[in-house]
Amino acid sequence: MSEIAKPKLEVCLSPALLHLFDVKNSIVVIIDVLRATSTICTALHNGAAKVIPVATVEECVNIGRQLDAITAGERDGKIAEGLLHGNSPFEYPEEFIGGKVLVLTTTNGTKLLHMAKDAVQIITGSFPNISAVCEYLESQGQNVILGCAAWKDRVNMEDTLFAGAVVSRIKEHFDVSCDSALAAETLYDAAKGDVFGFMRQASHFHRLSRYGLEEDIRFCLTPDGANVLPILKNGELVKEK
């Protein structure tokens, strides 16, 4: 009796490579560790009604006005001009975000999310919700693409590390014959003893630490601080029940 074929687990290291993957037959995990997908799971964990990801600041402002929502986002690590709130998970405690709608635009993460729109399902992942992500992917039995938002299409350390951490946790349930998945896992294996320390060499660490955001970075690299599953439904990210 032949063994049942396992679903594929692949890693796309940059949005510029997404066209090489079979998005239409896969669950896509959007990964933007510093800081979009960390902020999304934190906001939903703290009671946000939903998060609406948009590509531009103009869209963010317009939708925010229509829905009386909180508008937020960043460009190059700083609060985007015209918006009141940024991309820090610490900006969204329960007393502020509970029951509200967050409209969010970011440099890299929201762009990839829109590029992956034809996927079987889209979820978002980061270290603060890694367990929820892994449990969901194991339970679905479908092909998975771990999509790194990267930095302006250039491969980055933090998203690759998270992809590697997921591969490390769930690989026994999947066919992993993707070199970028194996490379990501190898990088994570080198870093896992001290991910924060390992990240000190990364370009985005230097970019954000110039703005005094080391605590943001530490939170975004720490497992399960906001362990919920954001899932895209009708263009809105909601907490999977």
# chains A, B, ... in the order shown; residues from 1 in each chain; ligands from 1

call {"tool": "residues_around", "arguments": {"residues": "region 22-35 of chain A", "least_positions_apart": "4", "cutoff": "9 Å", "atoms": "only C-alpha atoms", "output": "MDAnalysis selection string"}}
result
chainID A and resid 8 18 39:40 77 87:89 106 108:110 112:113 116:127 133 137 140 142:150 158:160 162:163 204:205 208 216:217 220:221

call {"tool": "closest_atom_pairs", "arguments": {"of": "region 66-143 of chain A", "to": "region 166-188 of chain A", "cutoff": "8 Å", "atoms": "only C-alpha atoms", "output": "Markdown table"}}
result
| residue | atom | partner | partner_atom | distance |
| --- | --- | --- | --- | --- |
| A:Ile130 | CA | A:Val166 | CA | 7.2 |
| A:Cys134 | CA | A:Val166 | CA | 6.5 |
| A:Glu138 | CA | A:His173 | CA | 6.7 |

call {"tool": "closest_residue", "arguments": {"among": "A:Asp68, A:Glu236, A:Asp76, A:Asp194", "to": "Arg218 (chain A)", "atoms": "only C-alpha atoms"}}
result
A:Asp194

call {"tool": "atom_distance", "arguments": {"atom1": "CA of Lys50 (chain A)", "atom2": "CA of Val103 (chain A)"}}
result
8.5 Å

call {"tool": "atom_distance", "arguments": {"atom1": "CA of Lys78 (chain A)", "atom2": "CA of Tyr211 (chain A)"}}
result
8.2 Å
